[in-house]
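Source file: coords_32.cif (mmCIF, C-alpha atoms)
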data_protein
loop_
_atom_site.label_atom_id
_atom_site.label_comp_id
_atom_site.auth_asym_id
_atom_site.auth_seq_id
_atom_site.Cartn_x
_atom_site.Cartn_y
_atom_site.Cartn_z
CA ASN A 27 82.29 101.93 98.02
CA ARG A 28 85.83 100.62 98.07
CA ASN A 29 87.92 101.17 101.17
CA HIS A 30 90.75 103.19 99.70
CA ASN A 31 93.79 102.73 101.89
CA HIS A 32 95.25 105.72 100.06
CA ASN A 33 92.81 108.18 101.61
CA ARG A 34 95.26 108.43 104.50
CA ASN A 35 97.97 109.65 102.24
CA HIS A 36 97.30 113.23 101.44
CA ASN A 37 96.94 118.34 102.11
CA HIS A 38 96.13 121.11 99.77
CA ASN A 39 97.94 124.26 98.67
CA ARG A 40 95.24 125.89 96.58
CA ASN A 41 97.57 128.66 95.40
CA HIS A 42 99.81 126.20 93.58
CA ASN A 43 100.14 126.73 89.85
CA HIS A 44 99.32 123.34 88.33
CA ASN A 45 100.93 124.16 84.98
CA SER A 46 103.70 121.63 84.37
CA THR A 47 106.74 121.88 82.19
CA GLN A 48 109.00 119.35 80.60
CA GLN A 49 111.62 120.14 83.23
CA LYS A 50 111.72 117.80 86.18
CA MET A 51 110.24 119.04 89.42
CA SER A 52 112.44 120.90 91.89
CA TYR A 53 111.32 118.54 94.65
CA GLY A 54 111.47 114.77 95.08
CA GLN A 55 115.23 114.52 94.63
CA THR A 56 116.86 111.94 96.91
CA SER A 57 119.93 109.71 96.76
CA SER A 58 117.81 106.97 95.16
CA THR A 59 116.46 109.14 92.30
CA LEU A 60 117.47 108.09 88.79
CA TRP A 61 114.92 110.10 86.78
CA GLY A 62 112.23 112.67 87.51
CA PRO A 63 109.86 113.47 88.94
CA HIS A 64 108.41 114.38 85.54
CA PRO A 65 104.78 115.18 84.66
CA ILE A 66 103.57 112.49 82.25
CA VAL A 67 100.28 112.67 80.41
CA CYS A 68 98.18 109.53 80.65
CA THR A 69 96.68 109.27 77.18
CA THR A 70 94.45 106.31 78.01
CA THR A 71 90.76 107.24 78.26
CA THR A 72 89.35 106.80 81.75
CA GLY A 73 85.66 106.80 80.87
CA ASP A 74 84.25 109.34 83.32
CA THR A 75 87.05 111.91 83.02
CA GLU A 76 84.96 114.52 81.26
CA GLN A 77 82.03 114.40 83.67
CA GLN A 78 84.39 114.76 86.61
CA GLN A 79 85.71 118.12 85.38
CA PRO A 80 84.89 121.09 87.63
CA PRO A 81 82.03 123.31 86.34
CA ASN A 82 82.94 125.96 83.73
CA SER A 83 86.44 124.55 83.25
CA ASN A 84 88.22 123.32 80.16
CA PRO A 85 88.93 119.59 80.07
CA SER A 86 92.42 118.96 81.39
CA PRO A 87 94.68 115.98 80.68
CA ASN A 88 95.31 113.29 83.24
CA ILE A 89 98.82 113.97 84.53
CA LEU A 90 100.91 111.75 86.75
CA GLU A 91 104.15 112.84 88.35
CA VAL A 92 106.46 109.90 87.72
CA SER A 93 110.01 109.11 88.82
CA ILE A 94 112.39 106.15 88.82
CA HIS A 95 114.40 105.09 91.85
CA THR A 96 116.70 102.38 93.04
CA LEU A 97 115.45 100.63 96.16
CA PRO A 98 117.04 102.04 99.32
CA ARG A 99 117.67 99.48 102.06
CA GLN A 100 114.52 100.50 103.92
CA LEU A 101 112.36 100.12 100.81
CA MET A 102 114.02 96.83 99.84
CA ARG A 103 112.89 95.43 103.20
CA GLU A 104 109.37 96.63 102.47
CA PHE A 105 109.53 95.12 98.97
CA GLN A 106 110.65 91.75 100.33
CA HIS A 107 107.87 91.93 102.89
CA VAL A 108 105.22 92.42 100.19
CA PHE A 109 106.72 90.31 97.39
CA ASP A 110 107.98 86.88 98.37
CA GLU A 111 110.77 86.17 95.86
CA ARG A 112 109.47 82.62 95.53
CA ASN A 113 106.39 84.08 93.83
CA LEU A 114 108.28 86.30 91.38
CA ASP A 115 109.61 83.55 89.06
CA LEU A 116 112.69 85.58 88.12
CA ASP A 117 114.91 82.64 87.10
CA PRO A 118 113.78 82.62 83.42
CA ILE A 119 114.38 86.39 83.23
CA ILE A 120 117.87 86.08 84.72
CA GLN A 121 118.74 83.11 82.50
CA ARG A 122 117.55 84.89 79.36
CA HIS A 123 119.50 88.02 80.26
CA ASN A 124 122.66 86.06 81.07
CA ASN A 125 122.40 84.03 77.87
CA THR A 126 122.06 87.20 75.84
CA THR A 127 125.06 88.67 77.59
CA ALA A 128 127.16 85.57 76.90
CA THR A 129 126.34 85.56 73.20
CA THR A 130 126.72 89.30 72.62
CA THR A 131 129.07 90.56 69.93
CA PRO A 132 130.30 94.15 69.56
CA SER A 133 127.90 94.67 66.67
CA SER A 134 124.84 93.62 68.67
CA SER A 135 124.44 96.91 70.50
CA SER A 136 120.66 96.59 70.54
CA SER A 137 120.74 93.41 72.61
CA SER A 138 119.48 93.15 76.18
CA SER A 139 123.03 92.99 77.50
CA SER A 140 123.84 96.44 76.17
CA LEU A 141 121.15 97.82 78.48
CA GLY A 142 123.10 96.95 81.62
CA PRO A 143 122.43 94.62 84.55
CA LEU A 144 119.05 93.59 85.89
CA GLU A 145 118.01 95.41 89.05
CA TYR A 146 114.98 96.16 91.16
CA LEU A 147 113.56 99.62 90.55
CA VAL A 148 110.56 101.45 91.97
CA ILE A 149 108.37 103.83 89.95
CA PRO A 150 106.31 106.02 92.30
CA THR A 151 103.51 108.10 90.79
CA ASN A 152 101.51 110.97 92.26
CA GLN A 153 98.42 112.67 90.88
CA ARG A 154 97.11 116.03 91.96
CA ALA A 155 93.56 115.60 93.19
CA ARG A 156 90.80 118.13 92.56
CA GLU A 157 89.71 117.72 96.17
CA ASP A 158 91.48 117.44 99.50
CA LEU A 159 91.43 113.67 99.91
CA VAL A 160 91.56 113.85 103.70
CA ALA A 161 87.94 115.00 103.55
CA VAL A 162 85.01 112.58 103.30
CA GLY A 163 81.86 112.41 101.24
CA GLU A 164 80.51 111.17 97.93
CA LYS A 165 82.36 113.84 95.95
CA ILE A 166 85.67 112.71 97.48
CA GLU A 167 84.94 109.06 96.69
CA HIS A 168 84.17 109.93 93.05
CA GLU A 169 87.48 111.77 92.81
CA LYS A 170 89.36 108.81 94.27
CA ASP A 171 87.71 106.53 91.75
CA ARG A 172 88.73 108.83 88.91
CA LEU A 173 92.35 108.95 90.09
CA LEU A 174 92.34 105.19 90.63
CA ASN A 175 91.20 104.61 87.04
CA VAL A 176 93.93 106.86 85.66
CA PHE A 177 96.67 105.06 87.59
CA MET A 178 95.36 101.56 86.89
CA LYS A 179 95.22 102.12 83.15
CA PHE A 180 98.65 103.77 83.07
CA ALA A 181 100.28 101.10 85.24
CA ALA A 182 98.65 98.18 83.45
CA ALA A 183 99.85 99.45 80.07
CA LEU A 184 103.38 100.16 81.31
CA CYS A 185 103.75 96.80 83.07
CA GLU A 186 102.42 94.99 80.01
CA GLN A 187 105.02 96.75 77.85
CA ILE A 188 107.83 95.79 80.24
CA ARG A 189 106.67 92.18 80.61
CA ALA A 190 106.35 91.83 76.85
CA GLN A 191 110.10 92.40 76.61
CA GLY A 192 110.82 89.56 79.03
CA TYR A 193 111.23 91.52 82.27
CA TRP A 194 109.25 91.56 85.51
CA ALA A 195 106.87 94.36 86.51
CA ASP A 196 103.95 94.76 88.88
CA TYR A 197 101.89 97.55 90.39
CA ILE A 198 100.19 98.05 93.72
CA ASP A 199 96.41 98.26 93.92
CA PRO A 200 95.83 101.57 95.76
CA CYS A 201 92.59 100.20 97.20
CA SER A 202 94.03 97.13 98.89
CA GLY A 203 97.78 97.81 98.99
CA LEU A 204 98.35 94.40 97.37
CA PRO A 205 100.20 93.55 94.13
CA MET A 206 97.99 93.33 91.06
CA LEU A 207 99.89 90.77 88.98
CA THR A 208 101.95 88.65 91.38
CA THR A 209 99.96 85.85 92.97
CA ASN A 210 100.02 84.57 96.55
CA CYS A 211 100.92 87.96 98.07
CA ASN A 212 98.96 89.00 101.15
CA LYS A 213 101.19 91.66 102.72
CA VAL A 214 100.12 95.29 102.28
CA TYR A 215 102.45 97.90 100.78
CA SER A 216 102.50 101.32 102.47
CA GLU A 217 102.31 104.05 99.83
CA VAL A 218 103.00 106.74 102.44
CA ASP A 219 106.18 105.05 103.66
CA GLY A 220 107.31 104.48 100.07
CA MET A 221 106.84 108.12 99.10
CA GLU A 222 108.67 109.26 102.22
CA CYS A 223 111.58 106.94 101.44
CA CYS A 224 111.90 107.56 97.68
CA LEU A 225 110.87 111.19 97.32
CA GLY A 226 111.45 112.61 100.78
CA TYR A 227 107.83 113.75 101.07
CA LYS A 228 106.52 114.44 104.56
CA ALA A 229 103.70 112.75 106.41
CA TYR A 230 101.86 113.31 109.66
CA ASN A 231 99.68 111.20 111.91
CA ALA A 232 95.97 111.89 112.22
CA GLY A 233 94.51 109.41 114.65
CA PHE A 234 95.25 105.95 113.31
CA CYS A 235 95.95 107.29 109.83
CA LYS A 236 99.22 108.48 108.32
CA ILE A 237 98.68 111.39 105.93
CA LEU A 238 101.06 112.06 103.04
CA THR A 239 101.68 115.69 102.08
CA HIS A 240 102.97 116.64 98.66
CA PRO A 241 105.38 119.63 98.70
CA ALA A 242 103.16 121.57 96.29
CA TRP A 243 99.66 120.08 96.62
CA GLY A 244 99.47 119.16 100.28
CA SER A 245 97.03 116.34 100.96
CA ALA A 246 95.30 116.71 97.58
CA VAL A 247 97.58 113.96 96.28
CA TYR A 248 96.97 110.39 95.12
CA PRO A 249 100.07 108.18 95.40
CA ALA A 250 100.46 104.81 93.69
CA THR A 251 103.48 102.68 92.88
CA MET A 252 104.98 100.22 90.39
CA PHE A 253 107.98 97.92 90.80
CA VAL A 254 110.15 96.42 88.06
CA TYR A 255 113.09 94.06 87.64
CA ALA A 256 114.87 95.14 84.49
CA PRO A 257 117.86 97.16 83.27
CA ARG A 258 117.46 100.78 84.30
CA SER A 259 118.28 102.06 80.81
CA PHE A 260 115.37 100.06 79.40
CA ILE A 261 112.94 101.60 81.90
CA LEU A 262 114.39 105.07 81.32
CA ARG A 263 113.90 104.68 77.58
CA ILE A 264 110.25 103.70 77.99
CA LEU A 265 109.37 106.59 80.29
CA GLU A 266 111.35 109.11 78.27
CA ALA A 267 109.12 108.18 75.33
CA CYS A 268 105.93 108.99 77.28
CA PRO A 269 104.25 112.31 76.45
CA LYS A 270 105.23 115.02 78.92
CA ALA A 271 102.92 117.75 80.16
CA THR A 272 103.76 121.25 78.94
CA ALA A 273 103.17 124.64 80.49
#
Go ahead and render the structure in this file as structure tokens.
Amino acid sequence: NRNHNHNRNHNHNRNHNHNSTQQKMSYGQTSSTLWGPHPIVCTTTTGDTEQQQPPNSNPSPNILEVSIHTLPRQLMREFQHVFDERNLDLDPIIQRHNNTTATTTPSSSSSSSSLGPLEYLVIPTNQRAREDLVAVGEKIEHEKDRLLNVFMKFAAALCEQIRAQGYWADYIDPCSGLPMLTTNCNKVYSEVDGMECCLGYKAYNAGFCKILTHPAWGSAVYPATMFVYAPRSFILRILEACPKATA
């Protein structure tokens, strides 16, 4: 079994209505929020999704609550701790963006320059777990694996789409806390601290563990994060095009 560092991150309100709408959530709004949180349907098949459904229930879609944020000073320090800029190889991205800006004409509104400046953004995601992830046992580990698969497939596809357009993107492995795509990184990212900083979610200490609590789901929450270096309007356009969960 993998040692999921995210099993410290989570509390359950079983009376919560899990039906989502296309409206953004009433929580998770901070000074760094640019978009969301919105419930996005992960349309990528995760293999064991069907068998993990609770007995006598209809199959439900895999939904991630997703938002976009600028990096507050506290989170920028954490980012620089995890990602050494020498490993990011951003110079070609900056040069390409600047060259496009310099050669732009008024008629070239679809160019990269029309999207605005490059900037670091963070994309936190949260999934509602079917179990309280503070608990232990084989059933809990299966649920963590299911949630891990959903995030990994969603993040890999999104980062590939962003990188294909010449920008930088990476996502954190929830099991290790390390970046998935950037090499030579050995500092662990704290999902709990990131969610507290970006979304204002609360956490509490339980022994040596720090437990994240979602405002609606408690500790039945699976947090995982992506980072990008791109114009915000480009990232907004991509996520706006993702299928949203409906009531």
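For the pair atom CA of Glu104 of chain A and atom CA of Cys223 of chain A, the interatomic distance is 10.6 Å.
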Under the PyMOL selection byres ((chain A and resi 211-220) around 7), which residues of this model are included? Write them out as a PDB file with C-alpha atoms, in the frame of the given file.
ATOM      1  CA  ASN A  35      97.970 109.650 102.240  1.00  0.00           C
ATOM      2  CA  LEU A 101     112.360 100.120 100.810  1.00  0.00           C
ATOM      3  CA  HIS A 107     107.870  91.930 102.890  1.00  0.00           C
ATOM      4  CA  VAL A 108     105.220  92.420 100.190  1.00  0.00           C
ATOM      5  CA  PHE A 109     106.720  90.310  97.390  1.00  0.00           C
ATOM      6  CA  GLY A 203      97.780  97.810  98.990  1.00  0.00           C
ATOM      7  CA  LEU A 204      98.350  94.400  97.370  1.00  0.00           C
ATOM      8  CA  PRO A 205     100.200  93.550  94.130  1.00  0.00           C
ATOM      9  CA  THR A 208     101.950  88.650  91.380  1.00  0.00           C
ATOM     10  CA  THR A 209      99.960  85.850  92.970  1.00  0.00           C
ATOM     11  CA  ASN A 210     100.020  84.570  96.550  1.00  0.00           C
ATOM     12  CA  MET A 221     106.840 108.120  99.100  1.00  0.00           C
ATOM     13  CA  GLU A 222     108.670 109.260 102.220  1.00  0.00           C
ATOM     14  CA  CYS A 223     111.580 106.940 101.440  1.00  0.00           C
ATOM     15  CA  CYS A 224     111.900 107.560  97.680  1.00  0.00           C
ATOM     16  CA  LEU A 238     101.060 112.060 103.040  1.00  0.00           C
ATOM     17  CA  PRO A 249     100.070 108.180  95.400  1.00  0.00           C
ATOM     18  CA  ALA A 250     100.460 104.810  93.690  1.00  0.00           C
TER      19      ALA A 250
END
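Evaluated on this file, the PyMOL selection byres ((chain A and resi 241) around 10) matches Asn37, His38, Asn39, Ser52, Tyr53, Gly54, Gly226, Tyr227, Lys228, Leu238, Thr239, His240, Ala242, Trp243, Gly244, Ser245 and Val247 of chain A.
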Practice problem: Write out as a PyMOL selection string each polymer residue whose atoms come within 10 Å of His123 of chain A, counting all atoms listed in the file; drop sequence neighbours fewer than 3 positions from it. | Solution: chain A and resi 117-120+126-128+137-139+142-144+192-193+256-257
File dump, residues just selected, C-alpha atoms, as a PDB file, in the coordinates of the input:
ATOM      1  CA  ASP A 117     114.910  82.640  87.100  1.00  0.00           C
ATOM      2  CA  PRO A 118     113.780  82.620  83.420  1.00  0.00           C
ATOM      3  CA  ILE A 119     114.380  86.390  83.230  1.00  0.00           C
ATOM      4  CA  ILE A 120     117.870  86.080  84.720  1.00  0.00           C
ATOM      5  CA  THR A 126     122.060  87.200  75.840  1.00  0.00           C
ATOM      6  CA  THR A 127     125.060  88.670  77.590  1.00  0.00           C
ATOM      7  CA  ALA A 128     127.160  85.570  76.900  1.00  0.00           C
ATOM      8  CA  SER A 137     120.740  93.410  72.610  1.00  0.00           C
ATOM      9  CA  SER A 138     119.480  93.150  76.180  1.00  0.00           C
ATOM     10  CA  SER A 139     123.030  92.990  77.500  1.00  0.00           C
ATOM     11  CA  GLY A 142     123.100  96.950  81.620  1.00  0.00           C
ATOM     12  CA  PRO A 143     122.430  94.620  84.550  1.00  0.00           C
ATOM     13  CA  LEU A 144     119.050  93.590  85.890  1.00  0.00           C
ATOM     14  CA  GLY A 192     110.820  89.560  79.030  1.00  0.00           C
ATOM     15  CA  TYR A 193     111.230  91.520  82.270  1.00  0.00           C
ATOM     16  CA  ALA A 256     114.870  95.140  84.490  1.00  0.00           C
ATOM     17  CA  PRO A 257     117.860  97.160  83.270  1.00  0.00           C
TER      18      PRO A 257
END
For the file shown, what are the residues hit by the PyMOL selection byres ((chain A and resi 262) around 12), laid out as a tab-separated table (two decimals) with C-alpha atoms, keeping the file's coordinate frame?
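Once everything was written out, this is part18.tsv:
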chain	number	residue	atom	x	y	z
A	59	THR	CA	116.46	109.14	92.30
A	60	LEU	CA	117.47	108.09	88.79
A	61	TRP	CA	114.92	110.10	86.78
A	62	GLY	CA	112.23	112.67	87.51
A	64	HIS	CA	108.41	114.38	85.54
A	92	VAL	CA	106.46	109.90	87.72
A	93	SER	CA	110.01	109.11	88.82
A	94	ILE	CA	112.39	106.15	88.82
A	95	HIS	CA	114.40	105.09	91.85
A	141	LEU	CA	121.15	97.82	78.48
A	142	GLY	CA	123.10	96.95	81.62
A	147	LEU	CA	113.56	99.62	90.55
A	148	VAL	CA	110.56	101.45	91.97
A	149	ILE	CA	108.37	103.83	89.95
A	188	ILE	CA	107.83	95.79	80.24
A	254	VAL	CA	110.15	96.42	88.06
A	256	ALA	CA	114.87	95.14	84.49
A	257	PRO	CA	117.86	97.16	83.27
A	258	ARG	CA	117.46	100.78	84.30
A	259	SER	CA	118.28	102.06	80.81
A	260	PHE	CA	115.37	100.06	79.40
A	261	ILE	CA	112.94	101.60	81.90
A	263	ARG	CA	113.90	104.68	77.58
A	264	ILE	CA	110.25	103.70	77.99
A	265	LEU	CA	109.37	106.59	80.29
A	266	GLU	CA	111.35	109.11	78.27
A	267	ALA	CA	109.12	108.18	75.33
A	268	CYS	CA	105.93	108.99	77.28
Quiz prompt | Point-to-point distance in Å for atom CA of Asn88 of chain A and atom CA of Thr69 of chain A | solution = 7.4 Å
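Distance annotation: of A:Tyr230, A:Asp110, A:Ala246, A:Phe180, the residue with the minimal separation from Ile166 of chain A is A:Ala246; atom set is only C-alpha atoms.
Across the model, the gap from atom CA of Lys236 of chain A to atom CA of Thr251 of chain A is 17.0 Å.
Of the residues listed (A:Cys68, A:Leu159, A:Thr129, A:Ala195), A:Cys68 shows the shortest atom-to-atom separation from Met178 of chain A; distances use only C-alpha atoms.
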Exercise. For each of A:Glu111, A:Gln106, A:Arg122, A:Ala271, take the minimum atom-to-atom distance to Gln191 of chain A, counting only C-alpha atoms, then give the residue where this is smallest.
Key: A:Arg122
